[in-house]
2 protein chains.
Amino acid sequence: MEKNKVIRVIQYGMGSIGSKIVRELLKRSSFKLVGAIDIAPEIVGRDVSEVAGLSQPFNLPVESDPAKVLTSARADVVVHTTGSHLNRIFSQLEEVVRSGLNVVSTSEELVYPFQRHPELSAQLNQLAVDKGVTVLGTGINPGFVMDTMALVLSSVCVEVKRVKVERVIDAATRRFPFQKKIGAGLSPEEFRSKVAQGRIGHVGLAESLYLIAHGLGWTIEEIKEEITPILAETNLRTEYIEVSSGIVAGMEQLAQGLSGGREVLTLHFRAFIGAPKPHDAIEIEGNPPLKVTIDGGVAGDVATVAMVVNAIPRVLAAEPGLKTMADLPLPHAALG
Amino acid sequence: MEKNKVIRVIQYGMGSIGSKIVRELLKRSSFKLVGAIDIAPEIVGRDVSEVAGLSQPFNLPVESDPAKVLTSARADVVVHTTGSHLNRIFSQLEEVVRSGLNVVSTSEELVYPFQRHPELSAQLNQLAVDKGVTVLGTGINPGFVMDTMALVLSSVCVEVKRVKVERVIDAATRRFPFQKKIGAGLSPEEFRSKVAQGRIGHVGLAESLYLIAHGLGWTIEEIKEEITPILAETNLRTEYIEVSSGIVAGMEQLAQGLSGGREVLTLHFRAFIGAPKPHDAIEIEGNPPLKVTIDGGVAGDVATVAMVVNAIPRVLAAEPGLKTMADLPLPHAALG
């Protein structure tokens, strides 16, 4: 890629994260927003800057027809933020890659898709190679705190016996959809029934686990995953919701990866309203042992926006194919 | 590079770190030690494993003639650990690169050589490109805690106003040469005179600073660097040395990088005997702000060995040229 060339970006998905990415892209001189795609009838045809909550017009309408935007916008890359699950977004990604465009996606499953979706991954990788473009799934979690950071820290170790990552979020500081996603406000019975339906829980813990294993060259024979409600001990209230004592305030989710019959990877995610001392902590049992703490934890949406936007130049420079954070050059802020 | 091919390594420099790297390489099935170079008369001709402190013979003599080893060992990479300063090691690196071999070096100045030695860097880069090999300077400090880690953390930021890194080492836990390097045991007058002669101080703080600036795309207009002694407040004793109250227990070194008249980079290194709560801390003033602490700090020699050995596969896979940690793929442990 030519240096200092302005990067032409299409935003695919104008939800909350997509809108925030648009606002960030419009601030930067190194990017030019050249297209926006969403199917929601209430925003199709409206100016992307208005949809993104900006007052200054940008005169670029949100389009519902991907083909129209993908073929005419002469873009370099598509930022894709429409969903978590690869089987539901596969046809979107396929169309983008067929159009010869690079992809940075916030799809949680795309952070490490090879385990859960080996066939779709192989297909997408082959298509990307054929078309000479790079596809990356990234974000904060999965994508950074519970996987990439752990891998980076392992670089100072001659031996790694076990990796433990803990993420504690005070859900009171997060958006309403997040509070719903962790079951806040439900009765314990409702919580269990929604877990059984797969409607509650953090998507991406297994992906983080497999990304670490991939980087370290470990074969994971078995993965155990468990979701448990955390009940309010007193009456709680956020900007969006009230939770009485005994009602679900959030959840904890534990993923354990076994190799050689031994638990080598432990990812522990806890998010509930009023969680004390939110933080991220990465611990490596090895030589040397390591314990790293991120005070307060890596904050939600703005960090996700940063990770996505900062990834774009590296994705454009990377070799073609479906890549992971472990394959790309060192992540860092790409300012300007 | 072919996957799973055993990587053939020459160790250039059989001092303390070189010997530890040899011990690590001999443990791993993915590497084969095929040559060892050092000029110290007392070890030339002796078996590399004996020099490295191992009891089992390896039947590979330490050679004093680099040309002989470089041309006959059919190596993939040279691990180079003979010195800190690029002007003193340049001819060694030049000879290695001319032989068509990749280099991973612990030279502190090589972690970011472009600022201090623009001509030597350009020359080495061109030669590496011509020969199709990659040259990397790496280590823990410089190379990781005060630069690479800060860059990785910046990837979650949409804005970075200032980066501060603090490293506090209890020198009592380190080797004698390290204790000497920080002036332990000197009178304050001796300390100042040795600083003036450039014989005391941590090499690499400016390199860390410029590596961060390079990654973030910042232009540093001015760098201020200052070394001050830290005096013992009580009588101190280590395995190697006694320090009376009022005598130098170690030092602190501060590097400040200015851009647009503002201090944007602050690297603060403190190492003294008896330093309480050793740690590394990285703080980013930006959006979001970040504060990360490595409890106890990243331990010395074993971590340096890890960083060097773990870098080898990435250096072999990288594009030719003189590269930095910011250019290479994500660092992580390469086990096995």
# chains A, B, ... in the order shown; residues from 1 in each chain; ligands from 1
$ residues_around --residues "segment 110-126 of chain A" --least-positions-apart "5" --cutoff "10 Å" --atoms "only C-alpha atoms" --output "number ranges by chain"
A: 84-87, 89-91, 93-94, 97-98, 104-105, 131-139, 141-144, 147, 204, 206-212, 214, 320-326
$ interface_residues --of "chain B" --to "chain A" --cutoff "6 Å" --atoms "only C-alpha atoms" --output "PDB file with C-alpha atoms, in the first residue's frame"
ATOM      1  CA  LEU B 151       2.496   0.656  21.551  1.00  0.00           C
ATOM      2  CA  VAL B 152       0.305  -2.437  21.921  1.00  0.00           C
ATOM      3  CA  SER B 154      -2.208   2.344  22.386  1.00  0.00           C
ATOM      4  CA  SER B 155      -4.159   0.154  19.953  1.00  0.00           C
ATOM      5  CA  VAL B 156      -7.271   0.578  22.125  1.00  0.00           C
ATOM      6  CA  CYS B 157      -7.040   4.385  21.981  1.00  0.00           C
ATOM      7  CA  VAL B 158      -8.608   6.742  19.457  1.00  0.00           C
ATOM      8  CA  LYS B 291      -3.095   2.415  33.364  1.00  0.00           C
ATOM      9  CA  VAL B 292      -1.393  -0.954  33.242  1.00  0.00           C
ATOM     10  CA  THR B 293       0.858  -2.447  35.887  1.00  0.00           C
ATOM     11  CA  ILE B 294       3.126  -5.454  35.677  1.00  0.00           C
ATOM     12  CA  ASP B 295       3.535  -6.661  39.264  1.00  0.00           C
ATOM     13  CA  ALA B 303      12.777 -12.655  29.809  1.00  0.00           C
ATOM     14  CA  ALA B 306      12.587 -15.500  25.797  1.00  0.00           C
ATOM     15  CA  MET B 307      12.127 -12.332  23.765  1.00  0.00           C
ATOM     16  CA  ALA B 326       6.646  -2.224  15.599  1.00  0.00           C
ATOM     17  CA  LEU B 328       6.950  -7.380  12.901  1.00  0.00           C
ATOM     18  CA  PRO B 329       3.890  -9.547  13.587  1.00  0.00           C
ATOM     19  CA  LEU B 330       2.484  -9.786  17.093  1.00  0.00           C
ATOM     20  CA  PRO B 331       5.141 -11.047  19.499  1.00  0.00           C
ATOM     21  CA  HIS B 332       4.204 -14.155  21.442  1.00  0.00           C
ATOM     22  CA  ALA B 333       5.844 -17.209  22.922  1.00  0.00           C
TER      23      ALA B 333
END
$ residues_around --residues "Gln11 of chain B" --least-positions-apart "6" --cutoff "6 Å" --atoms "only C-alpha atoms" --output "compact mmCIF listing (two decimals) with all heavy atoms, in the first residue's frame"
# COMPACT_ATOMS: atom_id res chain seq x y z
N ALA B 36 28.88 -21.31 17.01
CA ALA B 36 29.04 -20.38 18.13
C ALA B 36 30.31 -19.58 17.91
O ALA B 36 31.36 -20.15 17.57
CB ALA B 36 29.10 -21.13 19.45
N VAL B 78 21.35 -15.64 12.87
CA VAL B 78 22.40 -15.42 13.86
C VAL B 78 21.78 -14.68 15.05
O VAL B 78 21.13 -13.65 14.86
CB VAL B 78 23.55 -14.59 13.27
CG1 VAL B 78 24.52 -14.15 14.36
CG2 VAL B 78 24.28 -15.39 12.20
N VAL B 79 21.96 -15.23 16.24
CA VAL B 79 21.59 -14.50 17.44
C VAL B 79 22.84 -13.77 17.92
O VAL B 79 23.86 -14.40 18.21
CB VAL B 79 21.05 -15.44 18.54
CG1 VAL B 79 20.83 -14.66 19.83
CG2 VAL B 79 19.75 -16.09 18.08
$ atom_distance --atom1 "atom CA of Leu205 of chain A" --atom2 "atom CA of Lys20 of chain A"
24.1 Å
